[in-house]
file coords.csv (CSV, C-alpha atoms)
chain,number,residue,atom,x,y,z
I,1,MET,CA,-2.4,31.6,-3.3
I,2,LEU,CA,-3.6,28.2,-2.3
I,3,ARG,CA,-6.7,28.5,-4.5
I,4,LEU,CA,-4.6,29.6,-7.5
I,5,CYS,CA,-2.2,26.7,-6.9
I,6,THR,CA,-5.0,24.2,-6.7
I,7,ILE,CA,-6.4,25.5,-10.0
I,8,TRP,CA,-3.0,25.2,-11.6
I,9,MET,CA,-2.7,21.6,-10.5
I,10,LEU,CA,-6.1,20.7,-11.8
I,11,VAL,CA,-5.4,22.2,-15.2
I,12,GLY,CA,-2.2,20.3,-15.3
I,13,PHE,CA,-3.7,17.0,-14.3
I,14,ALA,CA,-2.7,14.6,-17.0
I,15,LEU,CA,-4.0,11.2,-18.0
I,16,ALA,CA,-2.0,8.8,-20.2
I,17,LEU,CA,-3.5,7.2,-23.2
I,18,PRO,CA,-4.7,3.6,-22.6
I,19,LEU,CA,-2.2,0.8,-23.0
I,20,VAL,CA,-3.0,-1.9,-25.5
I,21,GLY,CA,-2.1,-5.6,-25.0
I,22,SER,CA,0.3,-6.9,-22.3
I,23,ALA,CA,3.4,-5.1,-23.4
I,24,GLY,CA,2.7,-2.5,-26.1
I,25,ALA,CA,4.5,0.8,-26.6
I,26,ALA,CA,5.1,3.4,-24.0
I,27,PRO,CA,2.0,5.5,-23.5
I,28,SER,CA,1.8,9.1,-24.7
I,29,SER,CA,1.4,11.3,-21.7
I,30,ARG,CA,2.2,14.8,-20.3
I,31,ALA,CA,4.0,14.7,-17.0
I,32,VAL,CA,3.4,18.1,-15.5
I,33,PRO,CA,5.4,19.0,-12.4
I,34,GLY,CA,3.2,19.0,-9.3
I,35,THR,CA,0.5,16.9,-10.9
I,36,ILE,CA,-0.5,13.3,-11.2
I,37,THR,CA,0.2,11.2,-14.3
I,38,GLU,CA,-2.1,8.2,-14.7
I,39,PHE,CA,-1.7,5.1,-16.8
I,40,PRO,CA,-5.1,3.5,-17.4
I,41,LEU,CA,-5.2,-0.3,-17.3
I,42,PRO,CA,-6.3,-2.1,-20.5
I,43,VAL,CA,-9.3,-3.9,-18.9
I,44,GLN,CA,-12.1,-2.1,-17.1
I,45,ASP,CA,-13.0,-2.9,-13.5
I,46,SER,CA,-9.5,-4.3,-12.6
I,47,ARG,CA,-9.5,-2.5,-9.3
I,48,PRO,CA,-5.7,-2.2,-8.7
I,49,TYR,CA,-5.2,-2.3,-5.0
I,50,THR,CA,-1.6,-2.4,-3.6
I,51,ILE,CA,1.7,-1.7,-5.3
I,52,VAL,CA,5.4,-2.2,-4.6
I,53,THR,CA,8.7,-1.6,-6.3
I,54,GLY,CA,10.1,-4.9,-7.5
I,55,PRO,CA,13.7,-6.2,-7.5
I,56,ASP,CA,13.8,-5.6,-11.3
I,57,GLY,CA,13.2,-1.8,-10.9
I,58,ALA,CA,9.6,-2.0,-12.1
I,59,LEU,CA,6.4,-1.5,-10.1
I,60,TRP,CA,4.3,-4.6,-9.3
I,61,PHE,CA,0.7,-4.4,-8.3
I,62,THR,CA,-2.4,-6.5,-7.6
I,63,GLU,CA,-5.6,-6.3,-9.7
I,64,SER,CA,-8.1,-7.4,-7.0
I,65,ASP,CA,-11.2,-7.8,-9.2
I,66,ARG,CA,-9.6,-9.7,-12.1
I,67,GLY,CA,-7.1,-12.1,-10.4
I,68,VAL,CA,-4.1,-10.5,-12.1
I,69,ILE,CA,-0.7,-9.4,-11.0
I,70,GLY,CA,0.5,-6.4,-13.0
I,71,ARG,CA,3.9,-4.9,-13.8
I,72,ILE,CA,4.5,-1.4,-15.0
I,73,THR,CA,7.9,0.2,-15.8
I,74,ARG,CA,8.8,3.8,-14.8
I,75,ASP,CA,8.0,4.7,-18.5
I,76,GLY,CA,4.6,3.2,-18.4
I,77,TYR,CA,5.1,-0.2,-20.2
I,78,LEU,CA,2.6,-2.6,-18.8
I,79,LYS,CA,2.5,-6.4,-18.6
I,80,GLU,CA,-0.1,-8.5,-16.8
I,81,PHE,CA,0.1,-12.0,-15.4
I,82,PRO,CA,-3.3,-13.7,-14.8
I,83,LEU,CA,-3.6,-16.0,-11.9
I,84,PRO,CA,-5.2,-19.5,-12.2
I,85,ASP,CA,-8.4,-18.3,-10.5
I,86,PRO,CA,-9.7,-14.9,-11.8
I,87,GLY,CA,-11.8,-14.6,-8.7
I,88,SER,CA,-9.0,-15.1,-6.3
I,89,GLY,CA,-8.8,-11.5,-5.2
I,90,PRO,CA,-5.1,-10.7,-5.0
I,91,TYR,CA,-4.7,-8.0,-2.3
I,92,GLY,CA,-1.4,-7.4,-0.5
I,93,ILE,CA,2.0,-7.7,-2.3
I,94,THR,CA,5.6,-7.5,-1.1
I,95,VAL,CA,9.2,-8.4,-2.1
I,96,GLY,CA,10.5,-11.5,-0.5
I,97,ALA,CA,14.1,-12.1,0.6
I,98,ASP,CA,14.3,-14.5,-2.3
I,99,GLY,CA,13.9,-11.7,-4.8
I,100,ASN,CA,10.3,-12.8,-5.8
I,101,LEU,CA,7.0,-11.0,-5.4
I,102,TRP,CA,4.7,-12.6,-2.7
I,103,PHE,CA,1.0,-11.7,-2.5
I,104,THR,CA,-2.2,-12.8,-0.8
I,105,GLU,CA,-5.2,-14.2,-2.6
I,106,ARG,CA,-8.0,-13.1,-0.4
I,107,PHE,CA,-10.9,-15.1,-1.8
I,108,SER,CA,-8.9,-18.3,-2.6
I,109,ASP,CA,-7.2,-18.5,0.8
I,110,LEU,CA,-3.8,-18.8,-0.8
I,111,ILE,CA,-0.4,-17.2,-0.7
I,112,GLY,CA,1.1,-16.6,-4.1
I,113,LYS,CA,4.6,-16.1,-5.4
I,114,ILE,CA,5.6,-14.7,-8.8
I,115,THR,CA,9.1,-14.4,-10.1
I,116,PRO,CA,10.3,-11.3,-11.9
I,117,TYR,CA,9.8,-13.4,-15.1
I,118,GLY,CA,6.2,-14.1,-14.4
I,119,LYS,CA,6.2,-17.7,-13.1
I,120,VAL,CA,3.4,-18.1,-10.5
I,121,THR,CA,3.4,-20.6,-7.6
I,122,GLU,CA,0.5,-20.8,-5.0
I,123,TYR,CA,0.6,-22.2,-1.5
I,124,GLY,CA,-2.4,-23.4,0.6
I,125,GLY,CA,-2.7,-24.6,4.1
I,126,LEU,CA,-4.6,-21.6,5.4
I,127,SER,CA,-7.8,-21.8,7.5
I,128,GLU,CA,-11.0,-22.0,5.5
I,129,ASN,CA,-12.3,-18.5,4.6
I,130,ALA,CA,-9.3,-16.9,6.2
I,131,GLN,CA,-9.2,-14.1,3.7
I,132,PRO,CA,-5.5,-13.3,3.8
I,133,TRP,CA,-5.2,-9.6,3.4
I,134,ASP,CA,-1.7,-8.1,3.5
I,135,ILE,CA,1.8,-9.6,3.6
I,136,THR,CA,5.3,-8.5,4.7
I,137,ALA,CA,8.7,-10.1,4.4
I,138,LEU,CA,11.6,-10.8,6.8
I,139,ARG,CA,15.3,-11.2,5.9
I,140,ASP,CA,15.2,-14.9,6.9
I,141,GLY,CA,12.9,-15.7,4.0
I,142,SER,CA,9.7,-16.0,6.0
I,143,LEU,CA,6.7,-13.9,5.2
I,144,TRP,CA,4.0,-12.9,7.7
I,145,PHE,CA,0.4,-12.0,6.7
I,146,THR,CA,-2.9,-11.1,8.2
I,147,GLU,CA,-6.1,-13.1,8.0
I,148,GLU,CA,-8.8,-10.6,8.5
I,149,ASN,CA,-11.8,-12.8,8.4
I,150,VAL,CA,-10.7,-15.2,11.1
I,151,ASP,CA,-8.7,-12.8,13.3
I,152,GLN,CA,-5.4,-14.4,12.8
I,153,VAL,CA,-1.9,-13.7,11.6
I,154,GLY,CA,0.1,-16.3,9.7
I,155,VAL,CA,3.6,-17.0,8.6
I,156,ILE,CA,4.8,-18.9,5.5
I,157,TYR,CA,8.3,-20.2,5.2
I,158,PRO,CA,10.4,-20.7,2.1
I,159,SER,CA,9.4,-24.4,2.1
I,160,GLY,CA,5.7,-23.5,1.9
I,161,GLU,CA,4.9,-24.5,5.4
I,162,VAL,CA,2.2,-22.2,6.9
I,163,LEU,CA,1.5,-21.6,10.6
I,164,GLU,CA,-1.4,-19.5,11.9
I,165,PHE,CA,-1.9,-17.7,15.3
I,166,PRO,CA,-5.0,-16.0,16.8
I,167,VAL,CA,-4.8,-12.3,17.7
I,168,GLY,CA,-8.1,-11.5,19.3
I,169,GLU,CA,-11.7,-12.1,18.4
I,170,GLY,CA,-13.4,-9.4,16.4
I,171,THR,CA,-10.2,-7.3,15.9
I,172,LEU,CA,-9.9,-7.6,12.1
I,173,PRO,CA,-6.1,-7.6,11.6
I,174,THR,CA,-5.6,-5.8,8.2
I,175,ASN,CA,-2.4,-4.3,7.0
I,176,ILE,CA,1.1,-5.4,8.1
I,177,THR,CA,4.7,-4.2,7.7
I,178,THR,CA,8.2,-4.8,8.8
I,179,GLY,CA,9.9,-2.1,10.8
I,180,ARG,CA,13.5,-1.1,10.5
I,181,SER,CA,14.4,-3.1,13.6
I,182,GLY,CA,13.0,-6.3,12.1
I,183,LYS,CA,9.9,-6.3,14.3
I,184,ILE,CA,6.5,-6.7,12.5
I,185,TRP,CA,3.7,-4.3,13.0
I,186,PHE,CA,0.0,-4.6,12.0
I,187,THR,CA,-3.3,-2.8,12.4
I,188,GLU,CA,-6.4,-4.1,14.1
I,189,GLU,CA,-9.1,-2.3,12.2
I,190,LEU,CA,-11.9,-3.0,14.7
I,191,GLY,CA,-9.7,-3.6,17.6
I,192,ASN,CA,-8.5,0.0,17.2
I,193,LYS,CA,-4.9,-0.9,18.0
I,194,ILE,CA,-1.5,-1.0,16.5
I,195,VAL,CA,0.2,-4.4,17.3
I,196,ARG,CA,3.9,-5.1,17.5
I,197,LEU,CA,4.8,-8.7,16.7
I,198,THR,CA,8.1,-10.4,17.5
I,199,PRO,CA,8.4,-13.5,15.3
I,200,GLY,CA,8.3,-16.9,17.1
I,201,ASN,CA,6.2,-20.0,17.6
I,202,PRO,CA,4.0,-18.5,19.0
I,203,PRO,CA,4.9,-14.9,18.2
I,204,LYS,CA,4.9,-12.3,21.0
I,205,LEU,CA,2.2,-9.7,20.5
I,206,VAL,CA,2.1,-6.3,22.2
I,207,GLU,CA,-1.0,-4.1,21.5
I,208,TYR,CA,-1.1,-0.3,21.6
I,209,PRO,CA,-4.6,1.2,21.7
I,210,LEU,CA,-5.2,4.4,19.6
I,211,GLN,CA,-6.1,7.6,21.3
I,212,THR,CA,-9.1,8.2,19.0
I,213,ASP,CA,-12.1,5.9,19.5
I,214,GLY,CA,-13.4,4.1,16.3
I,215,ALA,CA,-10.5,5.4,14.2
I,216,LEU,CA,-10.3,2.2,12.1
I,217,PRO,CA,-6.5,2.1,11.7
I,218,TRP,CA,-5.6,0.9,8.3
I,219,ASP,CA,-2.3,1.0,6.4
I,220,LEU,CA,1.1,1.4,8.0
I,221,ASN,CA,4.7,1.6,6.9
I,222,PRO,CA,8.1,2.6,8.4
I,223,GLY,CA,9.2,6.2,8.1
I,224,PRO,CA,12.7,7.5,7.7
I,225,ASP,CA,12.6,8.7,11.3
I,226,GLY,CA,12.6,5.2,12.7
I,227,ASN,CA,8.9,5.2,13.6
I,228,VAL,CA,6.1,3.4,11.9
I,229,TRP,CA,3.4,5.7,10.4
I,230,PHE,CA,-0.2,4.7,9.9
I,231,THR,CA,-3.5,5.9,8.5
I,232,GLU,CA,-7.0,6.0,9.9
I,233,LEU,CA,-10.1,5.3,7.7
I,234,ALA,CA,-12.5,7.0,10.1
I,235,GLY,CA,-10.4,8.9,12.7
I,236,ARG,CA,-9.2,11.6,10.3
I,237,HIS,CA,-5.7,11.4,11.5
I,238,ILE,CA,-2.3,10.2,10.4
I,239,GLY,CA,-0.4,8.6,13.2
I,240,LYS,CA,3.1,7.4,14.1
I,241,ILE,CA,4.2,4.9,16.7
I,242,THR,CA,7.7,4.7,18.1
I,243,PRO,CA,9.6,1.4,18.5
I,244,THR,CA,8.6,1.5,22.2
I,245,GLY,CA,4.9,2.1,21.5
I,246,THR,CA,4.3,5.8,22.0
I,247,ILE,CA,1.6,6.9,19.6
I,248,THR,CA,1.1,10.4,18.2
I,249,GLU,CA,-1.9,11.3,16.0
I,250,TYR,CA,-1.9,14.3,13.6
I,251,PRO,CA,-5.3,15.7,12.4
I,252,VAL,CA,-5.8,15.9,8.6
I,253,SER,CA,-8.6,18.2,7.3
I,254,GLY,CA,-11.0,16.8,4.7
I,255,GLU,CA,-13.2,13.8,4.2
I,256,PHE,CA,-12.9,10.4,5.8
I,257,GLY,CA,-11.0,7.6,4.2
I,258,ILE,CA,-7.2,8.1,4.6
I,259,ASP,CA,-5.9,4.9,3.1
I,260,GLY,CA,-2.3,4.1,2.0
I,261,ILE,CA,0.9,5.6,3.4
I,262,PHE,CA,4.6,5.3,2.4
I,263,ALA,CA,7.8,7.3,2.9
I,264,ASP,CA,9.0,9.9,0.4
I,265,PRO,CA,12.3,8.7,-1.2
I,266,ARG,CA,13.8,12.1,-0.2
I,267,GLY,CA,13.4,11.1,3.4
I,268,ASP,CA,11.6,14.2,4.7
I,269,ARG,CA,7.9,13.2,4.7
I,270,MET,CA,5.3,10.5,4.2
I,271,TRP,CA,2.8,10.4,1.3
I,272,PHE,CA,-0.8,9.2,1.8
I,273,THR,CA,-3.9,8.5,-0.3
I,274,GLU,CA,-7.4,9.7,0.5
I,275,ASN,CA,-9.8,7.3,-1.1
I,276,ASP,CA,-13.1,9.1,-0.4
I,277,SER,CA,-11.9,12.5,-1.7
I,278,GLY,CA,-9.7,11.1,-4.4
I,279,ASP,CA,-6.5,13.0,-3.4
I,280,VAL,CA,-2.9,12.2,-2.7
I,281,GLY,CA,-1.2,14.3,0.0
I,282,SER,CA,1.9,14.4,2.2
I,283,ILE,CA,2.8,15.0,5.8
I,284,ARG,CA,6.2,16.1,7.1
I,285,LEU,CA,7.9,14.2,9.9
I,286,ASP,CA,7.0,16.8,12.4
I,287,GLY,CA,3.3,16.3,11.7
I,288,THR,CA,2.8,19.3,9.4
I,289,VAL,CA,0.4,18.4,6.6
I,290,ASP,CA,1.5,19.9,3.3
I,291,ALA,CA,-1.0,22.3,2.0
I,292,GLU,CA,-1.2,21.0,-1.6
I,293,ARG,CA,-3.3,17.9,-2.3
I,294,LEU,CA,-3.2,16.4,-5.8
I,295,PRO,CA,-6.4,15.2,-7.3
I,296,THR,CA,-6.6,11.6,-8.7
I,297,SER,CA,-9.0,9.3,-10.3
I,298,PRO,CA,-11.5,7.7,-7.9
I,299,TYR,CA,-10.4,5.8,-4.9
I,300,PRO,CA,-6.6,5.8,-4.6
I,301,PHE,CA,-5.6,2.9,-2.5
I,302,GLY,CA,-2.0,1.6,-2.0
I,303,ILE,CA,1.0,3.9,-2.5
I,304,THR,CA,4.8,3.3,-2.7
I,305,ALA,CA,8.1,5.0,-3.6
I,306,GLY,CA,9.2,4.2,-7.1
I,307,PRO,CA,12.7,3.6,-8.4
I,308,ASP,CA,12.5,6.9,-10.3
I,309,GLY,CA,12.3,9.1,-7.2
I,310,ASN,CA,8.5,9.5,-7.6
I,311,MET,CA,5.6,8.1,-5.7
I,312,TRP,CA,3.3,5.5,-7.4
I,313,PHE,CA,-0.2,4.5,-6.4
I,314,CYS,CA,-3.2,2.4,-7.4
I,315,ALA,CA,-6.3,4.3,-8.4
I,316,GLY,CA,-8.7,1.5,-7.6
I,317,TYR,CA,-12.0,2.6,-9.1
I,318,GLY,CA,-10.2,4.9,-11.6
I,319,ASN,CA,-8.7,1.7,-13.0
I,320,ALA,CA,-5.3,3.2,-13.3
I,321,ILE,CA,-1.8,3.2,-11.9
I,322,GLY,CA,-0.8,6.8,-10.9
I,323,ARG,CA,2.5,8.5,-10.5
I,324,VAL,CA,3.1,11.6,-8.4
I,325,ASN,CA,5.7,13.6,-10.3
I,326,LEU,CA,7.9,14.5,-7.3
I,327,SER,CA,11.3,15.2,-8.7
I,328,ARG,CA,10.4,18.6,-10.1
I,329,ALA,CA,7.6,19.5,-7.7
I,330,PRO,CA,8.7,21.6,-4.7
I,331,LEU,CA,6.0,21.6,-2.0
I,332,ARG,CA,4.8,24.2,0.4
I,333,SER,CA,3.6,23.3,3.9
I,334,ARG,CA,0.9,24.9,6.0
I,335,GLY,CA,2.6,27.9,7.7
I,336,ASP,CA,5.5,28.2,5.3

call {"tool": "encode", "arguments": {"input": "coords.csv", "output": "structure tokens"}}
result
Amino acid sequence: MLRLCTIWMLVGFALALPLVGSAGAAPSSRAVPGTITEFPLPVQDSRPYTIVTGPDGALWFTESDRGVIGRITRDGYLKEFPLPDPGSGPYGITVGADGNLWFTERFSDLIGKITPYGKVTEYGGLSENAQPWDITALRDGSLWFTEENVDQVGVIYPSGEVLEFPVGEGTLPTNITTGRSGKIWFTEELGNKIVRLTPGNPPKLVEYPLQTDGALPWDLNPGPDGNVWFTELAGRHIGKITPTGTITEYPVSGEFGIDGIFADPRGDRMWFTENDSGDVGSIRLDGTVDAERLPTSPYPFGITAGPDGNMWFCAGYGNAIGRVNLSRAPLRSRGD
């Protein structure tokens, strides 16, 4: 049964026609239940990296190899907003309390802000070669971000003031998120830890080592169960950490490279991307990995819940924005 279902999904795998220009007409595509629909970007080698649902009901994403912030509607209409430096390397992106999109510019050592109408403002004040990676927002208007290359976290206030704090030499703080309680969590890729941060000057940091050595913890986001869920690039697990720091890791079969993770809008599971194998999959809140994996274009990275009840992701080397057509796609889990 699994083999037949996999073949059915592959046959139904649909690619949208390329978009032309910055707005254009809605692409022609076949959205088959249980498959992936992809919307190719108009310029090759854009490398879309992270994606978020914006306050305007569209999906906003970073194009890390072109220095562009992209916007795509649930129907596939695309618009792009070039940054002043095409080599700035926009990476993480989030929605601020001010209703704007905030993002990191890894190679320019800048924090950027773009309004829903496309006006860009950039803020400096970071350490030289800090390489800001990911960013998350708090309700008070501040935004915290990781600086992977200098082992620091930083905070930027609505005024543009930036403060930076060390987190441990050689730890490589990478992805960052805000939990439901308002605490901040981030991964230490080489430190092999999940860190809880309580904002302050300086912030209070509590580290929680992973059970798997050399796991390379990567992305993390809050789940509907009150825990924070995370991926491992090398440990071949998806994990969760409770608000008090108890970690549970669930094995996932397949190749290395579990990348992005985000909660299903239905509230019963988390969705994840597998960049090495080029799949998108899901795991239930009890740790049961759903049997069906959906094939994508090469290297899916960031993933988020869309305003349409589907999951949206960045196919980095596939140069496309993908949609998991959830609303009509019942899933079977291992053991069902």

call {"tool": "closest_residue", "arguments": {"input": "coords.csv", "among": "I:Gly70, I:Pro307, I:Gly87, I:Gly235", "to": "Pro217 (chain I)", "atoms": "all atoms listed in the file"}}
result
I:Gly235

call {"tool": "closest_residue", "arguments": {"input": "coords.csv", "among": "I:Ser282, I:Thr62, I:Asn192, I:Thr104", "to": "Asp268 (chain I)", "atoms": "all atoms listed in the file"}}
result
I:Ser282

call {"tool": "atom_distance", "arguments": {"input": "coords.csv", "atom1": "CA of Lys204 (chain I)", "atom2": "CA of Val155 (chain I)"}}
result
13.3 Å

call {"tool": "residues_around", "arguments": {"input": "coords.csv", "residues": "Val68 (chain I)", "least_positions_apart": "2", "cutoff": "8 Å", "atoms": "only C-alpha atoms", "output": "list in words"}}
result
Thr62, Glu63, Ser64, Arg66, Gly70, Glu80, Phe81, Pro82, Leu83, Pro86 and Pro90 of chain I

call {"tool": "residues_near_point", "arguments": {"input": "coords.csv", "point": "(-10.5, -18.0, 3.6)", "cutoff": "10 Å", "atoms": "all atoms listed in the file", "output": "VMD selection string"}}
result
chain I and resid 105 to 110 126 to 133 147 to 150

call {"tool": "residues_around", "arguments": {"input": "coords.csv", "residues": "Gln44 (chain I)", "least_positions_apart": "6", "cutoff": "12 Å", "atoms": "all atoms listed in the file", "output": "list of chain:residue names"}}
result
I:Pro18, I:Leu19, I:Glu63, I:Asp65, I:Arg66, I:Gly316, I:Tyr317, I:Gly318, I:Asn319, I:Ala320

call {"tool": "atom_distance", "arguments": {"input": "coords.csv", "atom1": "CA of Gly92 (chain I)", "atom2": "CA of Ile135 (chain I)"}}
result
5.6 Å

call {"tool": "residues_around", "arguments": {"input": "coords.csv", "residues": "Gly57 (chain I)", "least_positions_apart": "3", "cutoff": "8 Å", "atoms": "all atoms listed in the file", "output": "PDB file with C-alpha atoms, in the coordinates of the input"}}
result
ATOM      1  CA  THR I  53       8.700  -1.600  -6.300  1.00  0.00           C
ATOM      2  CA  GLY I  54      10.100  -4.900  -7.500  1.00  0.00           C
ATOM      3  CA  THR I  73       7.900   0.200 -15.800  1.00  0.00           C
ATOM      4  CA  PRO I 307      12.700   3.600  -8.400  1.00  0.00           C
TER       5      PRO I 307
END

call {"tool": "closest_residue", "arguments": {"input": "coords.csv", "among": "I:Gln152, I:Ser181, I:Thr273, I:Asn201", "to": "Thr244 (chain I)", "atoms": "all atoms listed in the file"}}
result
I:Ser181

call {"tool": "closest_residue", "arguments": {"input": "coords.csv", "among": "I:Gly96, I:Pro209, I:Gly112, I:Gly170", "to": "Leu143 (chain I)", "atoms": "all atoms listed in the file"}}
result
I:Gly96

call {"tool": "atom_distance", "arguments": {"input": "coords.csv", "atom1": "CA of Asn275 (chain I)", "atom2": "CA of Gly179 (chain I)"}}
result
24.9 Å

call {"tool": "residues_around", "arguments": {"input": "coords.csv", "residues": "Gly214 (chain I)", "least_positions_apart": "5", "cutoff": "12 Å", "atoms": "all atoms listed in the file", "output": "count of residues only"}}
result
14

call {"tool": "closest_residue", "arguments": {"input": "coords.csv", "among": "I:Ile258, I:Cys314, I:Ile238, I:Val324", "to": "Leu285 (chain I)", "atoms": "all atoms listed in the file"}}
result
I:Ile238

call {"tool": "residues_near_point", "arguments": {"input": "coords.csv", "point": "(12.3, -8.1, 6.4)", "cutoff": "7 Å", "atoms": "all atoms listed in the file", "output": "MDAnalysis selection string"}}
result
chainID I and resid 137:139 178 182

call {"tool": "closest_residue", "arguments": {"input": "coords.csv", "among": "I:Thr212, I:Thr35, I:Thr94, I:Thr115", "to": "Asp56 (chain I)", "atoms": "all atoms listed in the file"}}
result
I:Thr115

call {"tool": "residues_around", "arguments": {"input": "coords.csv", "residues": "Val153 (chain I)", "least_positions_apart": "5", "cutoff": "10 Å", "atoms": "only C-alpha atoms", "output": "number ranges by chain"}}
result
I: 130, 132-135, 144-148, 163-167, 173-174, 176, 186, 197, 203

call {"tool": "build_atoms", "arguments": {"input": "coords.csv", "residues": "region 192-205 of chain I", "atoms": "N, CA and C atoms", "output": "JSON list (two decimals), in the frame of the given file"}}
result
[["chain", "number", "residue", "atom", "x", "y", "z"],
["I", 192, "ASN", "N", -8.98, -1.36, 16.98],
["I", 192, "ASN", "CA", -8.50, 0.00, 17.20],
["I", 192, "ASN", "C", -7.15, 0.08, 17.84],
["I", 193, "LYS", "N", -6.26, -0.79, 17.37],
["I", 193, "LYS", "CA", -4.90, -0.90, 18.00],
["I", 193, "LYS", "C", -3.89, -1.05, 16.86],
["I", 194, "ILE", "N", -2.66, -0.66, 17.21],
["I", 194, "ILE", "CA", -1.50, -1.00, 16.50],
["I", 194, "ILE", "C", -0.80, -2.14, 17.26],
["I", 195, "VAL", "N", -0.39, -3.20, 16.59],
["I", 195, "VAL", "CA", 0.20, -4.40, 17.30],
["I", 195, "VAL", "C", 1.62, -4.57, 16.81],
["I", 196, "ARG", "N", 2.52, -4.76, 17.78],
["I", 196, "ARG", "CA", 3.90, -5.10, 17.50],
["I", 196, "ARG", "C", 4.07, -6.62, 17.65],
["I", 197, "LEU", "N", 4.63, -7.28, 16.64],
["I", 197, "LEU", "CA", 4.80, -8.70, 16.70],
["I", 197, "LEU", "C", 6.28, -9.07, 16.59],
["I", 198, "THR", "N", 6.71, -9.84, 17.55],
["I", 198, "THR", "CA", 8.10, -10.40, 17.50],
["I", 198, "THR", "C", 7.94, -11.84, 17.04],
["I", 199, "PRO", "N", 8.56, -12.17, 15.89],
["I", 199, "PRO", "CA", 8.40, -13.50, 15.30],
["I", 199, "PRO", "C", 8.80, -14.62, 16.31],
["I", 200, "GLY", "N", 8.08, -15.72, 16.24],
["I", 200, "GLY", "CA", 8.30, -16.90, 17.10],
["I", 200, "GLY", "C", 7.20, -17.86, 16.92],
["I", 201, "ASN", "N", 7.26, -18.97, 17.62],
["I", 201, "ASN", "CA", 6.20, -20.00, 17.60],
["I", 201, "ASN", "C", 5.81, -20.33, 19.02],
["I", 202, "PRO", "N", 4.83, -19.60, 19.61],
["I", 202, "PRO", "CA", 4.00, -18.50, 19.00],
["I", 202, "PRO", "C", 4.75, -17.20, 19.01],
["I", 203, "PRO", "N", 4.28, -16.26, 18.21],
["I", 203, "PRO", "CA", 4.90, -14.90, 18.20],
["I", 203, "PRO", "C", 4.48, -14.17, 19.49],
["I", 204, "LYS", "N", 5.28, -13.18, 19.87],
["I", 204, "LYS", "CA", 4.90, -12.30, 21.00],
["I", 204, "LYS", "C", 4.21, -11.10, 20.42],
["I", 205, "LEU", "N", 3.02, -10.82, 20.95],
["I", 205, "LEU", "CA", 2.20, -9.70, 20.50],
["I", 205, "LEU", "C", 2.06, -8.66, 21.59]]
